[in-house]
$ cat input-v4.cif   # mmCIF, C-alpha atoms and all ligand atoms
data_data
loop_
_atom_site.label_atom_id
_atom_site.label_comp_id
_atom_site.auth_asym_id
_atom_site.auth_seq_id
_atom_site.Cartn_x
_atom_site.Cartn_y
_atom_site.Cartn_z
CA MET A 1 -12.99 15.63 -14.08
CA LEU A 2 -10.05 13.36 -13.34
CA ARG A 3 -8.98 10.75 -15.82
CA VAL A 4 -6.35 8.02 -15.42
CA ALA A 5 -3.95 8.77 -18.28
CA GLU A 6 -1.29 6.12 -17.64
CA GLN A 7 -0.69 3.32 -15.17
CA TYR A 8 1.83 0.63 -14.27
CA SER A 9 1.76 -2.23 -11.79
CA GLY A 10 4.41 -4.76 -10.93
CA SER A 11 5.31 -7.11 -8.10
CA ASP A 12 8.58 -8.90 -7.51
CA THR A 13 9.57 -11.56 -4.97
CA GLY A 14 12.85 -9.76 -4.27
CA ARG A 15 16.18 -11.45 -3.70
CA GLN A 16 15.77 -13.06 -0.30
CA ARG A 17 12.22 -14.39 0.03
CA ARG A 18 11.13 -17.58 -1.66
CA ALA A 19 7.49 -16.55 -2.13
CA ASN A 20 5.67 -13.34 -2.91
CA GLU A 21 3.08 -12.57 -0.22
CA ASP A 22 2.09 -9.24 -1.79
CA SER A 23 -1.05 -8.91 -3.90
CA LEU A 24 -2.37 -6.12 -6.06
CA TRP A 25 -5.58 -5.23 -7.85
CA VAL A 26 -5.60 -2.67 -10.60
CA ARG A 27 -8.65 -1.67 -12.58
CA ALA A 28 -9.04 2.06 -13.09
CA PRO A 29 -10.34 3.95 -11.19
CA LEU A 30 -9.48 1.54 -8.33
CA PHE A 31 -5.95 0.55 -7.28
CA VAL A 32 -5.10 -1.72 -4.32
CA VAL A 33 -1.90 -3.09 -2.76
CA ALA A 34 -1.80 -5.66 0.08
CA ASP A 35 1.18 -7.20 1.88
CA GLY A 36 0.34 -10.44 3.64
CA MET A 37 1.93 -12.12 6.64
CA GLY A 38 1.57 -15.50 8.32
CA GLY A 39 3.14 -18.94 8.29
CA ALA A 40 3.02 -21.50 5.46
CA GLN A 41 1.26 -19.78 2.55
CA ALA A 42 -1.12 -17.89 4.84
CA GLY A 43 0.32 -14.47 3.98
CA GLU A 44 -0.38 -15.04 0.30
CA VAL A 45 -3.94 -16.09 1.13
CA ALA A 46 -4.55 -13.04 3.34
CA SER A 47 -3.33 -10.50 0.79
CA ARG A 48 -5.16 -12.23 -2.08
CA VAL A 49 -8.45 -12.32 -0.16
CA ALA A 50 -7.98 -8.65 0.73
CA VAL A 51 -7.62 -7.47 -2.86
CA GLU A 52 -10.41 -9.79 -4.06
CA ALA A 53 -12.83 -7.80 -1.93
CA PHE A 54 -12.27 -4.88 -4.35
CA GLN A 55 -12.88 -6.72 -7.61
CA ALA A 56 -16.50 -5.67 -7.87
CA GLY A 57 -15.41 -2.02 -7.67
CA LEU A 58 -17.25 0.82 -5.98
CA PRO A 59 -20.94 1.56 -6.51
CA ASP A 60 -21.72 4.60 -8.69
CA ARG A 61 -23.57 6.24 -5.84
CA GLY A 62 -22.15 6.68 -2.41
CA GLU A 63 -19.28 8.51 -0.86
CA PRO A 64 -15.95 6.92 -1.95
CA GLU A 65 -14.27 6.98 1.48
CA THR A 66 -17.30 5.28 3.05
CA GLU A 67 -17.51 2.70 0.28
CA LEU A 68 -13.78 1.95 0.48
CA GLU A 69 -14.03 1.49 4.24
CA ARG A 70 -16.98 -0.87 3.75
CA LEU A 71 -14.88 -3.03 1.40
CA VAL A 72 -11.93 -3.04 3.81
CA GLN A 73 -14.19 -4.19 6.66
CA ALA A 74 -15.64 -6.93 4.43
CA ALA A 75 -12.11 -8.09 3.56
CA ASN A 76 -11.16 -8.05 7.24
CA THR A 77 -14.17 -10.17 8.18
CA ARG A 78 -13.40 -12.69 5.44
CA ILE A 79 -9.72 -13.04 6.45
CA HIS A 80 -10.62 -13.22 10.13
CA GLU A 81 -13.14 -16.00 9.48
CA LEU A 82 -10.72 -17.97 7.29
CA SER A 83 -7.98 -17.69 9.91
CA HIS A 84 -10.30 -19.30 12.45
CA ALA A 85 -11.56 -21.98 10.07
CA ASN A 86 -8.12 -23.29 9.04
CA ALA A 87 -5.33 -24.11 11.49
CA GLU A 88 -2.72 -23.43 8.78
CA GLN A 89 -4.03 -19.91 8.37
CA ALA A 90 -4.34 -19.05 12.08
CA GLY A 91 -3.02 -15.59 12.81
CA MET A 92 -2.67 -14.54 9.16
CA GLY A 93 -3.01 -10.88 8.31
CA THR A 94 -2.34 -8.29 5.66
CA THR A 95 -1.82 -4.61 5.09
CA LEU A 96 -4.08 -2.86 2.62
CA THR A 97 -3.79 0.44 0.79
CA ALA A 98 -6.55 1.33 -1.69
CA VAL A 99 -6.82 4.40 -3.92
CA TYR A 100 -9.96 5.38 -5.81
CA VAL A 101 -9.78 8.09 -8.47
CA GLY A 102 -12.99 10.07 -8.19
CA GLU A 103 -14.26 13.07 -10.14
CA ARG A 104 -11.98 15.59 -8.46
CA ASP A 105 -10.50 13.82 -5.45
CA ILE A 106 -8.47 10.72 -4.78
CA ALA A 107 -10.02 8.68 -1.94
CA ILE A 108 -7.67 6.52 0.10
CA ALA A 109 -8.29 3.72 2.60
CA HIS A 110 -5.33 2.35 4.48
CA VAL A 111 -4.27 -0.14 7.17
CA GLY A 112 -0.67 -1.17 7.95
CA ASP A 113 2.68 -0.13 6.48
CA SER A 114 2.16 -0.20 2.75
CA ARG A 115 2.05 3.39 1.48
CA ALA A 116 0.47 5.84 -0.93
CA TYR A 117 2.38 8.85 -2.26
CA CYS A 118 1.73 11.70 -4.65
CA LEU A 119 4.55 12.99 -6.83
CA ARG A 120 3.78 16.62 -7.64
CA ASP A 121 6.23 19.14 -9.09
CA GLY A 122 9.11 16.76 -8.37
CA GLU A 123 8.18 16.45 -4.71
CA LEU A 124 7.03 13.22 -3.09
CA LEU A 125 4.12 13.73 -0.66
CA ARG A 126 3.31 10.80 1.60
CA LEU A 127 -0.47 10.37 1.89
CA THR A 128 -0.57 7.55 4.50
CA ASP A 129 0.77 7.02 8.01
CA ASP A 130 2.45 3.71 8.77
CA HIS A 131 0.67 1.68 11.43
CA SER A 132 3.95 0.27 12.68
CA LEU A 133 5.79 0.02 15.97
CA VAL A 134 8.67 2.23 14.82
CA ASP A 135 6.28 4.89 13.49
CA GLU A 136 4.49 5.01 16.85
CA LEU A 137 7.81 5.29 18.68
CA MET A 138 8.82 8.13 16.33
CA ARG A 139 5.51 9.95 16.91
CA GLN A 140 6.17 9.67 20.64
CA GLY A 141 9.67 11.12 20.13
CA ARG A 142 11.31 7.94 21.39
CA LEU A 143 13.03 7.06 18.13
CA THR A 144 14.70 9.17 15.43
CA PRO A 145 14.03 8.45 11.73
CA GLU A 146 17.67 7.33 11.44
CA GLU A 147 17.25 4.85 14.30
CA ALA A 148 13.97 3.57 12.83
CA VAL A 149 15.66 2.51 9.58
CA GLU A 150 17.83 -0.04 11.38
CA HIS A 151 15.42 -0.94 14.20
CA PRO A 152 15.23 -4.75 14.68
CA GLN A 153 11.43 -4.57 14.95
CA ARG A 154 10.92 -2.20 12.01
CA SER A 155 8.67 -4.71 10.24
CA VAL A 156 6.25 -5.05 13.19
CA ILE A 157 2.90 -3.51 12.30
CA THR A 158 0.31 -2.40 14.83
CA ARG A 159 -2.76 -2.67 12.60
CA ALA A 160 -3.64 -5.29 10.00
CA LEU A 161 -6.60 -6.96 8.35
CA GLY A 162 -7.32 -10.36 9.89
CA PRO A 163 -6.31 -10.52 13.55
CA GLU A 164 -9.46 -8.90 14.98
CA HIS A 165 -13.09 -9.06 13.94
CA THR A 166 -13.10 -5.36 13.13
CA VAL A 167 -10.26 -3.08 12.07
CA GLU A 168 -9.64 0.65 12.39
CA VAL A 169 -9.27 2.05 8.86
CA ASP A 170 -7.69 5.39 7.97
CA THR A 171 -9.52 7.12 5.13
CA ARG A 172 -8.91 10.49 3.51
CA SER A 173 -9.55 12.41 0.34
CA PHE A 174 -6.90 14.31 -1.56
CA ARG A 175 -7.57 16.93 -4.25
CA ALA A 176 -5.69 15.80 -7.36
CA ARG A 177 -4.15 18.01 -10.02
CA ASP A 178 -3.29 17.58 -13.66
CA GLY A 179 -0.03 15.61 -13.97
CA ASP A 180 0.01 14.16 -10.44
CA VAL A 181 1.54 10.70 -10.24
CA PHE A 182 0.33 8.43 -7.43
CA LEU A 183 2.48 5.61 -6.10
CA LEU A 184 1.16 2.69 -4.05
CA CYS A 185 3.79 0.33 -2.70
CA SER A 186 4.58 -2.36 -0.17
CA ASP A 187 7.32 -1.88 2.41
CA GLY A 188 9.70 -3.97 0.30
CA LEU A 189 10.18 -0.77 -1.72
CA THR A 190 10.33 1.78 1.10
CA THR A 191 12.64 -0.22 3.38
CA MET A 192 15.16 -0.54 0.53
CA LEU A 193 14.92 2.99 -0.94
CA ASP A 194 14.53 6.28 0.89
CA GLU A 195 12.03 8.86 -0.30
CA ASP A 196 14.67 11.02 -1.99
CA ALA A 197 15.79 8.05 -4.08
CA ILE A 198 12.18 7.19 -5.00
CA ALA A 199 11.44 10.80 -5.99
CA ALA A 200 14.64 11.01 -8.05
CA LEU A 201 13.87 7.79 -9.94
CA LEU A 202 10.29 8.90 -10.68
CA HIS A 203 11.56 12.27 -11.84
CA GLU A 204 14.18 10.71 -14.14
CA GLN A 205 11.70 8.34 -15.81
CA PRO A 206 8.58 10.11 -17.07
CA ASP A 207 7.30 6.85 -18.60
CA LEU A 208 5.49 5.01 -15.81
CA ARG A 209 6.48 1.52 -16.96
CA ALA A 210 10.14 2.54 -17.06
CA ALA A 211 9.77 4.26 -13.68
CA GLY A 212 8.09 1.25 -12.04
CA GLU A 213 10.64 -1.18 -13.39
CA ALA A 214 13.46 1.13 -12.28
CA LEU A 215 12.02 1.30 -8.73
CA ILE A 216 11.81 -2.50 -8.46
CA ALA A 217 15.31 -2.92 -9.91
CA ALA A 218 16.72 -0.34 -7.48
CA ALA A 219 15.06 -2.06 -4.48
CA ASN A 220 16.57 -5.37 -5.60
CA HIS A 221 19.95 -3.73 -6.15
CA ALA A 222 19.78 -2.39 -2.58
CA GLY A 223 19.29 -5.93 -1.26
CA GLY A 224 15.73 -6.93 -2.16
CA ARG A 225 15.11 -8.19 1.37
CA ASP A 226 11.34 -8.32 0.96
CA ASN A 227 8.67 -8.63 -1.74
CA ILE A 228 8.40 -5.40 -3.77
CA THR A 229 5.09 -4.16 -5.18
CA VAL A 230 4.72 -0.91 -7.11
CA VAL A 231 1.59 0.66 -8.61
CA LEU A 232 1.90 3.98 -10.47
CA VAL A 233 -1.02 6.07 -11.71
CA ARG A 234 -0.94 9.34 -13.62
CA CA B 301 6.47 -6.72 3.21
#

$ encode --input "input-v4.cif" --output "structure tokens"
Amino acid sequence: MLRVAEQYSGSDTGRQRRANEDSLWVRAPLFVVADGMGGAQAGEVASRVAVEAFQAGLPDRGEPETELERLVQAANTRIHELSHANAEQAGMGTTLTAVYVGERDIAIAHVGDSRAYCLRDGELLRLTDDHSLVDELMRQGRLTPEEAVEHPQRSVITRALGPEHTVEVDTRSFRARDGDVFLLCSDGLTTMLDEDAIAALLHEQPDLRAAGEALIAAANHAGGRDNITVVLVR
């Protein structure tokens, strides 16, 4: 039986943006990060609406991946409808990465380029694929990881909640072990820090609050070009 022993969540505007368009929702056993986009304040609206869809939690019965997907589709519908009802919110969208801690497995639902990781035995395992232009080009062998880091269109995502009336959702389950630490984050963390740096910081700081604050500080120190959201769960 899995139990959430410790958790941290934090979100920071960063050093270059004026507003924070990321949203998070944290109530064990459910953890959600969303990174909104769109003009005016539309990005903030999209990410907030996305995480609000999770506030009621998952039903006791039912298969977690299916239930997570159902909530993601409901969030997508809501954002899509709002974007058509208000000219200011036309075209808004958001990423969404949700983790549910079940009895033995972690269930994940994911759209966009926020990420979920597992830190196990000092090693950082990425549990989600980015739905981004550069990731697709890398999968096709047309771009190296080094080129992707500096690609001018590196922030272009190929899947989001909002633009279409349905969305393709990646779901998976992952067998958790005693002592695993799960990280959910927006791309404001992973575009500023590479995975080795993230793993090293998590390894150096066993306390999750200290680790989360150190990750946000390091992303800001590296430039803080985007909003930074970090959720850590042991
Ligand atoms: Ca972002």

$ atom_distance --input "input-v4.cif" --atom1 "CA of Glu168 (chain A)" --atom2 "CA of Ser9 (chain A)"
26.9 Å

$ residues_near_ligand --input "input-v4.cif" --ligand "ligand CA 301 (chain B)" --cutoff "8 Å" --atoms "only C-alpha atoms and all ligand atoms" --output "list in words"
Glu21, Asp22, Asp35, Gly36, Met37, Ser114, Ser155, Ser186, Asp187, Gly188, Asp226, Asn227 and Ile228 of chain A

$ closest_residue --input "input-v4.cif" --among "A:Asn20, A:Ser11, A:Ser47, A:Thr95" --to "Ala109 (chain A)" --atoms "all atoms listed in the file"
A:Thr95

$ residues_around --input "input-v4.cif" --residues "region 218-221 of chain A" --least-positions-apart "6" --cutoff "10 Å" --atoms "only C-alpha atoms" --output "compact mmCIF listing (two decimals) with C-alpha atoms, in the coordinates of the input"
# COMPACT_ATOMS: atom_id res chain seq x y z
CA ASP A 12 8.58 -8.90 -7.51
CA THR A 13 9.57 -11.56 -4.97
CA GLY A 14 12.85 -9.76 -4.27
CA ARG A 15 16.18 -11.45 -3.70
CA GLN A 16 15.77 -13.06 -0.30
CA GLY A 188 9.70 -3.97 0.30
CA LEU A 189 10.18 -0.77 -1.72
CA THR A 190 10.33 1.78 1.10
CA THR A 191 12.64 -0.22 3.38
CA MET A 192 15.16 -0.54 0.53
CA LEU A 193 14.92 2.99 -0.94
CA ASP A 194 14.53 6.28 0.89
CA ALA A 197 15.79 8.05 -4.08
CA ILE A 198 12.18 7.19 -5.00
CA LEU A 201 13.87 7.79 -9.94
CA GLY A 212 8.09 1.25 -12.04
CA ASN A 227 8.67 -8.63 -1.74
CA ILE A 228 8.40 -5.40 -3.77

$ residues_around --input "input-v4.cif" --residues "Leu58 (chain A)" --least-positions-apart "3" --cutoff "8 Å" --atoms "only C-alpha atoms" --output "PyMOL selection string"
chain A and resi 54+64+67-68

$ residues_near_point --input "input-v4.cif" --point "(7.7, 12.0, 0.6)" --cutoff "10 Å" --atoms "only C-alpha atoms" --output "list in words"
Ala116, Tyr117, Cys118, Leu119, Glu123, Leu124, Leu125, Arg126, Leu127, Asp194, Glu195, Asp196, Ile198 and Ala199 of chain A

$ atom_distance --input "input-v4.cif" --atom1 "CA of Arg225 (chain A)" --atom2 "CA of Asp113 (chain A)"
15.7 Å

$ axis_aligned_box --input "input-v4.cif" --around "region 44-58 of chain A" --padding-each-side "3 Å" --output "JSON"
{"center_x": -8.8, "center_y": -7.6, "center_z": -2.3, "size_x": 22.9, "size_y": 22.9, "size_z": 17.2}
